[in-house]
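Visitor: The file below is work00.txt, compact mmCIF, C-alpha atoms:
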```txt
# COMPACT_ATOMS: atom_id res chain seq x y z
CA MET J 541 -5.19 -31.80 16.41
CA PRO J 542 -3.39 -30.23 13.43
CA VAL J 543 -5.49 -29.47 10.37
CA LYS J 544 -4.35 -31.05 7.10
CA MET J 545 -3.40 -28.09 4.90
CA THR J 546 -4.23 -29.43 1.42
CA PRO J 547 -4.80 -27.01 -1.48
CA ARG J 548 -8.49 -27.90 -1.40
CA PHE J 549 -8.65 -27.10 2.32
CA VAL J 550 -6.99 -23.71 1.80
CA SER J 551 -9.31 -23.00 -1.14
CA ARG J 552 -12.36 -23.62 1.04
CA ILE J 553 -11.05 -21.24 3.69
CA THR J 554 -10.40 -18.46 1.18
CA ARG J 555 -13.92 -18.84 -0.23
CA ASP J 556 -15.27 -18.40 3.30
CA THR J 557 -13.21 -15.25 3.90
CA LEU J 558 -14.26 -11.62 3.60
CA ALA J 559 -11.35 -9.22 3.08
CA LEU J 560 -11.73 -5.66 4.38
CA ILE J 561 -9.15 -3.18 3.14
CA LEU J 562 -8.70 -0.08 5.28
CA ALA J 563 -8.15 2.69 2.74
CA GLY J 564 -9.28 5.82 4.55
CA GLY J 565 -5.96 7.21 5.76
CA SER J 566 -5.04 10.80 4.92
CA GLY J 567 -1.33 10.02 4.46
CA THR J 568 -0.12 13.43 5.63
CA ARG J 569 3.56 12.36 5.67
CA LEU J 570 3.42 12.16 1.88
CA LYS J 571 2.90 15.93 1.84
CA GLY J 572 1.62 17.24 -1.50
CA LEU J 573 1.12 13.76 -2.96
CA THR J 574 -1.96 13.39 -0.75
CA ARG J 575 -3.28 16.92 -1.01
CA TRP J 576 -5.98 15.81 -3.47
CA ARG J 577 -5.92 12.02 -3.04
CA SER J 578 -5.82 9.43 -0.27
CA LYS J 579 -2.63 7.50 0.35
CA PRO J 580 -3.92 4.19 -1.11
CA SER J 581 -4.67 5.94 -4.42
CA VAL J 582 -1.15 7.40 -4.83
CA PRO J 583 0.43 6.12 -8.07
CA PHE J 584 3.23 3.57 -7.70
CA GLY J 585 5.49 1.53 -9.93
CA GLY J 586 4.86 3.23 -13.26
CA LYS J 587 1.24 2.19 -13.85
CA PHE J 588 -0.32 1.08 -10.56
CA ARG J 589 -1.88 2.59 -7.44
CA ILE J 590 -0.84 1.51 -3.94
CA ILE J 591 -4.30 -0.03 -3.35
CA ASP J 592 -3.74 -2.41 -6.27
CA PHE J 593 -1.26 -4.48 -4.27
CA PRO J 594 -3.49 -5.71 -1.40
CA LEU J 595 -6.41 -6.07 -3.83
CA SER J 596 -4.30 -8.13 -6.24
CA ASN J 597 -3.05 -10.24 -3.34
CA CYS J 598 -6.66 -11.05 -2.50
CA VAL J 599 -7.59 -12.02 -6.07
CA ASN J 600 -4.42 -14.08 -6.54
CA SER J 601 -5.06 -15.79 -3.18
CA GLY J 602 -8.56 -16.83 -4.24
CA ILE J 603 -10.36 -14.25 -2.09
CA ARG J 604 -13.02 -12.62 -4.23
CA ARG J 605 -15.24 -11.03 -1.61
CA MET J 606 -13.79 -7.67 -0.63
CA GLY J 607 -14.80 -4.39 0.93
CA VAL J 608 -12.74 -1.20 0.68
CA LEU J 609 -13.32 1.23 3.55
CA THR J 610 -12.74 4.80 2.36
CA GLN J 611 -12.79 8.16 4.08
CA TYR J 612 -10.46 11.08 3.31
CA LYS J 613 -10.30 12.51 -0.22
CA SER J 614 -11.59 9.28 -1.70
CA HIS J 615 -12.83 10.45 -5.11
CA SER J 616 -9.67 9.44 -6.99
CA LEU J 617 -9.64 6.08 -5.22
CA ILE J 618 -13.32 5.38 -5.91
CA ARG J 619 -12.92 6.25 -9.61
CA HIS J 620 -9.96 3.89 -9.82
CA LEU J 621 -11.92 1.06 -8.20
CA GLN J 622 -14.90 1.64 -10.50
CA HIS J 623 -12.76 1.68 -13.65
CA GLY J 624 -10.21 -1.00 -12.83
CA TRP J 625 -11.88 -3.39 -10.42
CA ASN J 626 -15.34 -3.92 -11.88
CA PHE J 627 -14.77 -7.41 -13.29
CA PHE J 628 -16.27 -9.46 -10.44
CA ARG J 629 -19.30 -11.69 -11.04
CA GLY J 630 -22.04 -11.06 -8.50
CA GLU J 631 -23.98 -14.17 -9.53
CA MET J 632 -20.96 -16.22 -8.42
CA GLY J 633 -20.74 -14.54 -5.04
CA GLU J 634 -17.84 -12.28 -6.06
CA PHE J 635 -17.78 -8.60 -5.25
CA ILE J 636 -15.80 -5.56 -4.27
CA GLU J 637 -17.84 -3.09 -2.25
CA ILE J 638 -16.88 0.49 -1.48
CA LEU J 639 -17.69 1.28 2.16
CA PRO J 640 -17.29 5.02 2.79
CA ALA J 641 -17.76 6.63 6.18
CA GLN J 642 -21.53 7.11 5.99
CA GLN J 643 -22.58 7.59 9.63
CA ARG J 644 -24.39 4.27 9.86
CA ILE J 645 -23.95 4.14 13.66
CA ASP J 646 -23.62 7.77 14.72
CA ALA J 647 -22.82 11.21 13.31
CA GLY J 648 -19.04 10.71 13.32
CA TRP J 649 -16.44 9.66 10.77
CA TYR J 650 -14.32 6.55 11.29
CA ALA J 651 -12.52 7.21 14.57
CA GLY J 652 -9.95 4.44 14.09
CA THR J 653 -9.33 1.12 12.39
CA ALA J 654 -11.61 -0.82 14.75
CA ASP J 655 -14.33 1.80 14.54
CA ALA J 656 -14.25 1.59 10.73
CA LEU J 657 -15.28 -2.07 10.94
CA TYR J 658 -17.74 -1.45 13.78
CA GLN J 659 -19.59 1.17 11.73
CA ASN J 660 -20.04 -1.44 8.98
CA LEU J 661 -20.88 -4.33 11.28
CA ASP J 662 -24.32 -4.82 9.77
CA ILE J 663 -22.80 -5.12 6.29
CA ILE J 664 -20.17 -7.60 7.47
CA ARG J 665 -22.88 -9.71 9.10
CA LEU J 666 -24.90 -9.60 5.89
CA HIS J 667 -22.12 -11.45 4.03
CA GLN J 668 -21.80 -14.14 6.75
CA PRO J 669 -18.07 -14.86 6.39
CA GLU J 670 -16.39 -17.55 8.49
CA TYR J 671 -13.21 -15.46 8.64
CA VAL J 672 -12.52 -11.76 8.24
CA LEU J 673 -9.17 -10.69 6.81
CA VAL J 674 -8.35 -7.09 7.72
CA LEU J 675 -5.74 -5.40 5.52
CA ALA J 676 -4.09 -2.01 5.29
CA GLY J 677 -4.59 -0.43 1.89
CA ASP J 678 -1.32 1.48 1.81
CA HIS J 679 1.53 -1.06 1.77
CA ILE J 680 3.51 -2.55 -1.11
CA TYR J 681 4.02 -6.33 -1.08
CA GLN J 682 3.02 -9.59 -2.76
CA MET J 683 1.52 -12.15 -0.38
CA ASP J 684 -0.57 -15.28 -0.65
CA TYR J 685 -3.07 -14.96 2.19
CA GLY J 686 -4.12 -18.62 1.87
CA PRO J 687 -1.30 -20.09 4.01
CA MET J 688 -1.88 -17.43 6.68
CA LEU J 689 -5.58 -18.29 6.84
CA ALA J 690 -4.76 -22.00 7.05
CA TYR J 691 -2.23 -21.29 9.82
CA HIS J 692 -4.92 -19.37 11.70
CA VAL J 693 -7.27 -22.36 11.56
CA GLU J 694 -4.54 -24.87 12.36
CA GLN J 695 -3.50 -22.94 15.49
CA GLY J 696 -7.06 -22.64 16.71
CA ALA J 697 -6.49 -18.89 16.93
CA ASP J 698 -9.06 -16.22 17.69
CA VAL J 699 -6.96 -13.70 15.80
CA THR J 700 -3.72 -14.01 13.84
CA ILE J 701 -1.40 -11.08 13.13
CA GLY J 702 0.86 -10.92 10.10
CA CYS J 703 4.35 -9.86 11.17
CA PHE J 704 7.89 -9.36 9.96
CA GLU J 705 11.30 -8.67 11.48
CA VAL J 706 12.61 -5.10 11.57
CA PRO J 707 15.79 -3.53 12.95
CA LEU J 708 15.31 -2.52 16.56
CA GLU J 709 16.07 1.15 15.82
CA THR J 710 13.20 1.40 13.31
CA ALA J 711 10.68 -0.64 15.31
CA ARG J 712 9.36 2.49 17.03
CA SER J 713 7.26 3.19 13.94
CA PHE J 714 5.32 -0.09 14.18
CA GLY J 715 3.19 -2.16 16.47
CA VAL J 716 5.70 -4.43 18.20
CA MET J 717 4.83 -7.83 19.70
CA GLY J 718 6.43 -10.39 21.93
CA ILE J 719 5.91 -14.14 21.33
CA ASP J 720 6.54 -17.45 23.04
CA ASP J 721 8.11 -20.58 21.50
CA GLU J 722 4.81 -21.45 19.77
CA TRP J 723 4.47 -17.97 18.19
CA LYS J 724 1.63 -17.10 20.51
CA VAL J 725 1.61 -13.36 21.14
CA THR J 726 2.42 -12.46 24.74
CA ASN J 727 2.39 -8.67 24.46
CA PHE J 728 1.67 -5.99 21.89
CA ARG J 729 2.64 -2.31 22.00
CA GLU J 730 1.83 0.27 19.35
CA LYS J 731 4.85 2.40 18.35
CA PRO J 732 6.78 1.86 21.63
CA ALA J 733 9.62 4.20 22.60
CA ASP J 734 11.62 1.16 23.80
CA PRO J 735 10.67 -1.81 21.60
CA ASP J 736 11.42 -5.30 22.90
CA PRO J 737 13.79 -7.41 20.78
CA ILE J 738 12.96 -10.87 19.48
CA PRO J 739 14.22 -13.46 21.99
CA GLY J 740 17.75 -14.45 21.03
CA ARG J 741 18.04 -11.64 18.45
CA LYS J 742 18.84 -8.48 20.34
CA ASN J 743 19.00 -6.22 17.27
CA GLU J 744 15.59 -7.08 15.75
CA ALA J 745 11.96 -6.70 16.78
CA LEU J 746 8.80 -8.38 15.55
CA ALA J 747 6.53 -5.80 13.91
CA SER J 748 2.90 -5.96 12.85
CA MET J 749 2.11 -5.66 9.14
CA GLY J 750 -1.38 -4.35 9.90
CA ILE J 751 -2.83 -7.68 8.68
CA TYR J 752 -5.30 -9.51 10.91
CA VAL J 753 -7.34 -12.69 10.53
CA PHE J 754 -10.37 -12.89 12.83
CA ASN J 755 -12.94 -15.57 13.46
CA ARG J 756 -16.29 -14.06 12.61
CA GLU J 757 -18.08 -14.20 15.96
CA PHE J 758 -14.94 -13.28 17.86
CA LEU J 759 -14.53 -10.15 15.73
CA TYR J 760 -18.12 -9.10 16.34
CA GLU J 761 -17.68 -9.46 20.10
CA GLN J 762 -14.48 -7.45 20.17
CA LEU J 763 -15.82 -4.64 18.00
CA ILE J 764 -18.89 -4.24 20.19
CA SER J 765 -16.82 -4.42 23.39
CA ASP J 766 -14.39 -1.80 22.09
CA ALA J 767 -17.24 0.51 21.02
CA ASP J 768 -18.68 0.27 24.54
CA ASN J 769 -15.36 1.31 26.12
CA PRO J 770 -15.34 5.11 26.54
CA GLU J 771 -11.56 5.13 27.02
CA SER J 772 -10.77 3.38 23.75
CA SER J 773 -9.32 5.24 20.75
CA ARG J 774 -11.10 2.67 18.52
CA ASP J 775 -7.89 1.26 17.05
CA PHE J 776 -6.82 -2.37 16.60
CA GLY J 777 -3.15 -1.79 17.42
CA LYS J 778 -3.67 0.58 20.32
CA ASP J 779 -6.75 -0.93 21.95
CA VAL J 780 -8.31 -4.14 20.63
CA ILE J 781 -5.21 -6.35 20.28
CA PRO J 782 -3.50 -5.37 23.59
CA ASN J 783 -6.77 -5.90 25.48
CA ILE J 784 -7.30 -9.49 24.31
CA ILE J 785 -3.79 -10.98 24.48
CA ASN J 786 -4.00 -12.32 28.03
CA LYS J 787 -7.43 -13.92 27.63
CA CYS J 788 -7.60 -15.06 24.01
CA ASN J 789 -5.60 -17.06 21.48
CA VAL J 790 -3.58 -14.49 19.54
CA TYR J 791 -0.90 -15.81 17.21
CA ALA J 792 1.77 -14.21 15.05
CA TYR J 793 2.28 -15.31 11.45
CA PRO J 794 5.75 -14.54 10.02
CA PHE J 795 5.71 -13.25 6.45
CA ARG J 796 8.39 -15.25 4.65
CA ASP J 797 9.34 -15.89 1.05
CA PRO J 798 7.79 -19.31 0.26
CA GLU J 799 10.82 -20.36 -1.80
CA THR J 800 13.72 -19.16 0.35
CA GLY J 801 12.10 -19.01 3.79
CA LYS J 802 13.70 -15.61 4.30
CA GLN J 803 12.06 -12.29 5.11
CA ALA J 804 9.70 -11.40 2.27
CA TYR J 805 9.42 -8.01 0.56
CA TRP J 806 7.16 -5.49 2.35
CA ARG J 807 7.33 -1.71 2.22
CA ASP J 808 5.49 1.08 3.98
CA VAL J 809 5.73 3.97 1.52
CA GLY J 810 4.31 6.52 3.94
CA THR J 811 7.03 9.15 3.58
CA ILE J 812 8.51 10.89 0.56
CA ASP J 813 11.87 9.21 1.15
CA ALA J 814 10.30 5.74 1.48
CA TYR J 815 8.07 6.32 -1.55
CA TRP J 816 10.99 7.44 -3.71
CA ALA J 817 13.22 4.58 -2.53
CA ALA J 818 10.59 1.89 -3.16
CA ASN J 819 10.03 3.13 -6.70
CA MET J 820 13.78 3.30 -7.30
CA GLU J 821 14.16 -0.30 -6.15
CA LEU J 822 12.01 -1.44 -9.06
CA ILE J 823 14.60 -0.22 -11.55
CA GLY J 824 17.27 -2.64 -10.30
CA VAL J 825 18.38 -5.62 -12.39
CA THR J 826 16.80 -8.12 -9.98
CA PRO J 827 14.48 -6.13 -7.68
CA GLU J 828 12.98 -7.82 -4.62
CA LEU J 829 9.52 -6.88 -5.87
CA ASN J 830 9.10 -8.61 -9.20
CA LEU J 831 6.42 -6.84 -11.23
CA TYR J 832 7.16 -9.18 -14.14
CA ASN J 833 6.01 -12.28 -12.24
CA THR J 834 3.25 -13.70 -14.45
CA GLU J 835 2.20 -16.12 -11.68
CA TRP J 836 1.35 -13.21 -9.35
CA PRO J 837 0.13 -10.33 -11.54
CA ILE J 838 -0.74 -6.93 -10.11
CA TRP J 839 -4.11 -5.91 -11.52
CA THR J 840 -5.00 -2.29 -12.16
CA TYR J 841 -6.87 0.10 -14.40
CA GLN J 842 -4.85 1.37 -17.31
CA ALA J 843 -5.77 3.60 -20.21
CA GLN J 844 -5.13 2.41 -23.76
CA LEU J 845 -1.91 4.25 -24.64
CA PRO J 846 0.62 4.06 -27.47
CA PRO J 847 4.10 2.64 -26.77
CA ALA J 848 6.83 4.79 -25.32
CA LYS J 849 8.74 6.67 -28.01
CA PHE J 850 12.38 7.87 -28.19
CA ILE J 851 13.21 10.35 -30.93
CA PHE J 852 16.27 12.14 -32.37
CA ASP J 853 19.72 10.59 -32.59
CA ASP J 854 21.99 13.59 -33.05
CA PRO J 855 25.23 13.70 -31.01
CA ASP J 856 23.95 16.57 -28.83
CA ARG J 857 20.26 15.72 -29.05
CA ARG J 858 19.61 12.03 -28.51
CA GLY J 859 16.39 10.69 -27.01
CA MET J 860 17.41 7.90 -24.64
CA ALA J 861 16.67 6.23 -21.30
CA VAL J 862 19.21 4.09 -19.43
CA ASP J 863 18.57 1.91 -16.35
CA SER J 864 15.01 3.22 -16.30
CA MET J 865 11.37 2.17 -16.52
CA VAL J 866 9.32 4.12 -19.07
CA SER J 867 5.56 3.67 -19.31
CA GLY J 868 3.17 3.87 -22.24
CA GLY J 869 2.44 7.21 -23.86
CA CYS J 870 5.84 8.70 -22.94
CA ILE J 871 7.90 10.63 -25.47
CA ILE J 872 11.60 11.19 -24.81
CA SER J 873 12.38 13.85 -27.40
CA GLY J 874 16.11 14.48 -27.69
CA ALA J 875 16.46 14.21 -23.90
CA GLN J 876 18.31 11.90 -21.52
CA VAL J 877 16.73 9.87 -18.73
CA HIS J 878 18.99 8.00 -16.31
CA HIS J 879 17.97 5.63 -13.50
CA SER J 880 14.44 7.00 -13.29
CA LEU J 881 10.85 5.78 -13.37
CA LEU J 882 8.43 7.53 -15.71
CA PHE J 883 4.69 6.94 -15.42
CA SER J 884 2.39 7.25 -18.44
CA ASN J 885 2.18 10.25 -20.77
CA VAL J 886 5.38 11.95 -19.65
CA TYR J 887 6.93 14.26 -22.26
CA VAL J 888 10.62 15.10 -21.85
CA ASN J 889 11.71 17.81 -24.27
CA SER J 890 15.03 18.27 -26.04
CA HIS J 891 18.26 18.73 -24.07
CA ALA J 892 16.51 18.03 -20.75
CA ARG J 893 18.02 15.53 -18.32
CA VAL J 894 16.28 13.44 -15.64
CA ASP J 895 18.33 11.49 -13.09
CA ASP J 896 17.27 9.29 -10.14
CA SER J 897 13.70 10.59 -10.23
CA VAL J 898 10.10 9.40 -10.09
CA VAL J 899 7.86 11.22 -12.59
CA LEU J 900 4.12 10.69 -12.24
CA PRO J 901 1.62 10.73 -15.15
CA ASP J 902 0.97 13.62 -17.53
CA VAL J 903 4.11 15.58 -16.68
CA THR J 904 5.83 17.80 -19.23
CA ILE J 905 9.53 18.61 -18.74
CA GLY J 906 10.71 21.65 -20.65
CA ARG J 907 13.78 22.01 -22.85
CA HIS J 908 17.16 22.21 -21.06
CA ALA J 909 15.57 21.42 -17.68
CA LYS J 910 17.62 19.34 -15.24
CA ILE J 911 15.96 17.16 -12.60
CA ARG J 912 17.78 15.04 -10.05
CA ARG J 913 16.55 12.99 -7.05
CA ALA J 914 13.01 14.27 -7.29
CA VAL J 915 9.39 13.16 -7.23
CA ILE J 916 7.32 15.10 -9.78
CA ASP J 917 3.57 14.94 -9.13
CA LYS J 918 0.93 14.32 -11.77
CA GLY J 919 0.29 17.08 -14.31
CA VAL J 920 3.28 19.27 -13.45
CA VAL J 921 4.77 21.36 -16.25
CA ILE J 922 8.47 21.95 -15.60
CA PRO J 923 9.47 25.27 -17.21
CA GLU J 924 12.25 25.45 -19.76
CA GLY J 925 15.70 25.56 -18.18
CA MET J 926 14.53 24.87 -14.61
CA VAL J 927 17.04 23.07 -12.39
CA ILE J 928 15.74 20.84 -9.58
CA GLY J 929 17.78 18.78 -7.14
CA GLU J 930 21.12 20.56 -7.45
CA ASP J 931 20.76 23.26 -4.75
CA PRO J 932 18.81 22.19 -1.62
CA VAL J 933 18.56 25.77 -0.33
CA GLU J 934 17.01 27.09 -3.52
CA ASP J 935 14.79 24.02 -3.86
CA ALA J 936 13.42 24.52 -0.35
CA LYS J 937 12.24 28.03 -1.29
CA ARG J 938 9.84 26.64 -3.88
CA PHE J 939 9.34 22.95 -3.19
CA HIS J 940 9.27 20.41 -0.39
CA VAL J 941 12.67 18.85 0.36
CA SER J 942 12.56 15.67 2.44
CA GLU J 943 14.94 14.67 5.22
CA GLY J 944 16.77 12.48 2.72
CA GLY J 945 17.11 15.31 0.21
CA ILE J 946 14.35 14.20 -2.20
CA VAL J 947 12.59 17.15 -3.85
CA LEU J 948 8.81 16.90 -4.18
CA VAL J 949 7.31 19.08 -6.90
CA CYS J 950 3.52 19.51 -7.08
CA PRO J 951 1.53 21.72 -9.49
CA GLU J 952 0.56 24.28 -6.82
CA MET J 953 4.24 24.86 -6.00
CA LEU J 954 4.72 26.21 -9.52
CA GLY J 955 1.52 28.21 -9.57
CA GLN J 956 -0.22 25.54 -11.62
CA SER J 957 -3.57 24.14 -10.61
CA LEU J 958 -5.23 20.88 -11.62
CA HIS J 959 -8.02 21.26 -9.06
CA HIS J 960 -10.01 24.47 -8.91
CA VAL J 961 -11.70 25.11 -5.55
CA ARG J 962 -13.23 28.51 -6.39
```
Show this structure as structure tokens.
Guide:
Amino acid sequence: MPVKMTPRFVSRITRDTLALILAGGSGTRLKGLTRWRSKPSVPFGGKFRIIDFPLSNCVNSGIRRMGVLTQYKSHSLIRHLQHGWNFFRGEMGEFIEILPAQQRIDAGWYAGTADALYQNLDIIRLHQPEYVLVLAGDHIYQMDYGPMLAYHVEQGADVTIGCFEVPLETARSFGVMGIDDEWKVTNFREKPADPDPIPGRKNEALASMGIYVFNREFLYEQLISDADNPESSRDFGKDVIPNIINKCNVYAYPFRDPETGKQAYWRDVGTIDAYWAANMELIGVTPELNLYNTEWPIWTYQAQLPPAKFIFDDPDRRGMAVDSMVSGGCIISGAQVHHSLLFSNVYVNSHARVDDSVVLPDVTIGRHAKIRRAVIDKGVVIPEGMVIGEDPVEDAKRFHVSEGGIVLVCPEMLGQSLHHVR
């Protein structure tokens, strides 16, 4: 019998949900951007961190009981959570807990996504949720989890998987599932070499978003069963989900725009090219990801900074930015910025030019420097007159150049060090 999905019904479900955000990935494909930080703590969008998006989705969805599972290079992430996400009221049952790999079960680190939850099983049980929402902490999107939770209950599912359509040629990078006419999952393969198309749509496949809704007791059973399996790699996509499809109720939930019914915005920014492109999309006149949506704000920690400042108006020395996003604390001093995104406290000196670039916080760009199609990491000081992005061969001698030709510049590449290890 279908469940009546009233707002009050959805609100009750969200109150009974514990969200667990998997934020322990090392993010090696982001190269130098994750040398000193985990992927979820990488800056994004001018003032945010990647982790802010799933956390904000939870808060905006009415889910205020959250755990963030950390592992690799988590100091930056933990500081961000402590500074920017400390507004929950414990006396009202609200919280955000940091759950690092702390060898609660054995002497190992988290071996996989399923093992990360298994090693915190006692903590999950302590909170007694009716439903557990498992999220990846490294994707960019805006999603109300309430309708997905209600769909899970309405279908009588044991587990529900958030999914979206992708071109068949790119599906090899995702967990790909097959479904029947009722959206019940019939098969699931992690990063298949030959992904199956959606029935009736030969050029598209149905990919997992890394979002799962579990019934509480069902999750406990599967985590324990997986931990007892010596052949398991302790991963939801590789082990847990494929092993339960034929004997349990596993449903797919399509992520659609609630107003248009079309494919909603979702980005995996796990490579330099994808990271650069997703930031560049924000500069468009009407970007798919609307950071100015007051009904779905993205919460974060931000320092108190003065407004951005543009100085000098001489014909050959005019401080200006066109088709760009410029954050607080920036000073564009007689320089030109075109189609670029500048994070906070970026100083661009006279006669410099920045085109099609993403510049992270606390960067200084020297006089007469020219930067094009680049990602400049936090704290870099670009020397006077340096040219980046014009000659791929020369760039590759000093910096990392991606497959798409984006130049990544980190402090160590210029002999500068923000982190002393000796």
Visitor: Between J:Ile738, J:Ile645, J:Val693, J:Val921, which residue has the minimum interatomic distance to J:Glu670, considering all atoms listed in the file?
Guide: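 Result for the nearest residue to J:Glu670: J:Val693.
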Visitor: Could you give me, as a ChimeraX atom specification, the residues within 7 Å of stretch 592-608 of chain J, counting all atoms listed in the file and dropping anything in the same chain fewer than 6 positions from it?
Guide: /J:551,554-555,557-563,634-639,677,680-686,836,838-840
Visitor: From the set J:Ile911, J:Leu829, J:Trp625, J:Gly750, which residue has the shortest atom-to-atom contact distance to J:Ala804, counting all atoms listed in the file?
Guide: J:Leu829
Visitor: How many Å lie between atom CA of J:Ala656 and atom CA of J:Ala711, rounded to one decimal?
Guide: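 Atom-to-atom, atom CA of J:Ala656 and atom CA of J:Ala711 are spaced 25.4 Å apart.
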Visitor: Between atom CA of J:Leu573 and atom CA of J:Asp896, what is the distance, to one decimal in Å?
Guide: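 We find that atom CA of J:Leu573 and atom CA of J:Asp896 lie 18.2 Å from each other.
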Visitor: Please, which residues are within 7 Å of (20.2, 5.7, -19.8) by the file's coordinates, counting only C-alpha atoms, and could they come as a CSV table (one decimal) with C-alpha atoms, in the frame of the given file?
Guide:
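Once everything was written out, this is part_14.csv:
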```
chain,number,residue,atom,x,y,z
J,860,MET,CA,17.4,7.9,-24.6
J,861,ALA,CA,16.7,6.2,-21.3
J,862,VAL,CA,19.2,4.1,-19.4
J,863,ASP,CA,18.6,1.9,-16.4
J,864,SER,CA,15.0,3.2,-16.3
J,876,GLN,CA,18.3,11.9,-21.5
J,877,VAL,CA,16.7,9.9,-18.7
J,878,HIS,CA,19.0,8.0,-16.3
J,879,HIS,CA,18.0,5.6,-13.5
```
Visitor: Fewer than 6 positions away in the same chain doesn't count, so skip those; otherwise give me all residues within 7 Å of stretch 788-797 of chain J, counting all atoms listed in the file, as a ChimeraX atom specification.
Guide: /J:688,697-704,723-725,803-804
Visitor: What does the distance between atom CA of J:Glu744 and atom CA of J:Phe714 come to in Å, to one decimal place?
Guide: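 About the pair atom CA of J:Glu744 and atom CA of J:Phe714: they are 12.5 Å apart.
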Visitor: Looking at only C-alpha atoms, which of J:Gly919, J:Gly925, J:Gly810, J:Gly564 is the one that sits closest to J:Cys950?
Guide: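 Residue with the minimum atom-to-atom distance to J:Cys950: J:Gly919.
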Visitor: Name the closest residue to J:Lys613 among the candidates J:Gly630, J:Pro669, J:Gly955, J:Pro580; distances are taken between atoms, counting all atoms listed in the file.
Guide: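 Closest to J:Lys613, using all atoms listed in the file: J:Pro580.
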Visitor: Out of J:Asn819, J:Asp646, J:Glu952, J:Arg907, which residue has the shortest atom-to-atom distance to J:Leu831 when counting all atoms listed in the file?
Guide: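 Closest residue, counting all atoms listed in the file: J:Asn819.
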Visitor: Give me, as a PDB file with C-alpha atoms, in the coordinates of the input, all polymer residues having an atom no more than 12 Å from J:Phe584, counting only C-alpha atoms and skipping those fewer than 2 positions away in the same chain.
Guide:
```
ATOM      1  CA  LEU J 573       1.120  13.760  -2.960  1.00  0.00           C
ATOM      2  CA  LYS J 579      -2.630   7.500   0.350  1.00  0.00           C
ATOM      3  CA  PRO J 580      -3.920   4.190  -1.110  1.00  0.00           C
ATOM      4  CA  SER J 581      -4.670   5.940  -4.420  1.00  0.00           C
ATOM      5  CA  VAL J 582      -1.150   7.400  -4.830  1.00  0.00           C
ATOM      6  CA  GLY J 586       4.860   3.230 -13.260  1.00  0.00           C
ATOM      7  CA  LYS J 587       1.240   2.190 -13.850  1.00  0.00           C
ATOM      8  CA  PHE J 588      -0.320   1.080 -10.560  1.00  0.00           C
ATOM      9  CA  ARG J 589      -1.880   2.590  -7.440  1.00  0.00           C
ATOM     10  CA  ILE J 590      -0.840   1.510  -3.940  1.00  0.00           C
ATOM     11  CA  ILE J 591      -4.300  -0.030  -3.350  1.00  0.00           C
ATOM     12  CA  ASP J 592      -3.740  -2.410  -6.270  1.00  0.00           C
ATOM     13  CA  PHE J 593      -1.260  -4.480  -4.270  1.00  0.00           C
ATOM     14  CA  ASP J 678      -1.320   1.480   1.810  1.00  0.00           C
ATOM     15  CA  HIS J 679       1.530  -1.060   1.770  1.00  0.00           C
ATOM     16  CA  ILE J 680       3.510  -2.550  -1.110  1.00  0.00           C
ATOM     17  CA  TYR J 681       4.020  -6.330  -1.080  1.00  0.00           C
ATOM     18  CA  ARG J 807       7.330  -1.710   2.220  1.00  0.00           C
ATOM     19  CA  VAL J 809       5.730   3.970   1.520  1.00  0.00           C
ATOM     20  CA  ALA J 814      10.300   5.740   1.480  1.00  0.00           C
ATOM     21  CA  TYR J 815       8.070   6.320  -1.550  1.00  0.00           C
ATOM     22  CA  TRP J 816      10.990   7.440  -3.710  1.00  0.00           C
ATOM     23  CA  ALA J 817      13.220   4.580  -2.530  1.00  0.00           C
ATOM     24  CA  ALA J 818      10.590   1.890  -3.160  1.00  0.00           C
ATOM     25  CA  ASN J 819      10.030   3.130  -6.700  1.00  0.00           C
ATOM     26  CA  MET J 820      13.780   3.300  -7.300  1.00  0.00           C
ATOM     27  CA  GLU J 821      14.160  -0.300  -6.150  1.00  0.00           C
ATOM     28  CA  LEU J 822      12.010  -1.440  -9.060  1.00  0.00           C
ATOM     29  CA  LEU J 831       6.420  -6.840 -11.230  1.00  0.00           C
ATOM     30  CA  ILE J 838      -0.740  -6.930 -10.110  1.00  0.00           C
ATOM     31  CA  THR J 840      -5.000  -2.290 -12.160  1.00  0.00           C
ATOM     32  CA  SER J 867       5.560   3.670 -19.310  1.00  0.00           C
ATOM     33  CA  LEU J 881      10.850   5.780 -13.370  1.00  0.00           C
ATOM     34  CA  LEU J 882       8.430   7.530 -15.710  1.00  0.00           C
ATOM     35  CA  PHE J 883       4.690   6.940 -15.420  1.00  0.00           C
ATOM     36  CA  SER J 884       2.390   7.250 -18.440  1.00  0.00           C
ATOM     37  CA  VAL J 898      10.100   9.400 -10.090  1.00  0.00           C
ATOM     38  CA  VAL J 899       7.860  11.220 -12.590  1.00  0.00           C
ATOM     39  CA  LEU J 900       4.120  10.690 -12.240  1.00  0.00           C
ATOM     40  CA  PRO J 901       1.620  10.730 -15.150  1.00  0.00           C
ATOM     41  CA  VAL J 915       9.390  13.160  -7.230  1.00  0.00           C
ATOM     42  CA  ASP J 917       3.570  14.940  -9.130  1.00  0.00           C
ATOM     43  CA  LYS J 918       0.930  14.320 -11.770  1.00  0.00           C
TER      44      LYS J 918
END
```
Visitor: Find the residues near J:His623: any atom within 12 Å, counting all atoms listed in the file, skip ones fewer than 3 places away on the same chain, and give them as a list in words.
Guide: Ser616, Leu617, Ile618, Arg619, His620, Asn626, Phe627, Trp839, Thr840, Tyr841, Gln842 and Ala843 of chain J
Visitor: Given the choices J:Asp734, J:Asp775, J:Glu705, J:Asp768, which gets closest to J:Ala747 if the distance is worked out from all atoms listed in the file?
Guide: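 That would be J:Glu705, the residue with the smallest distance to J:Ala747.
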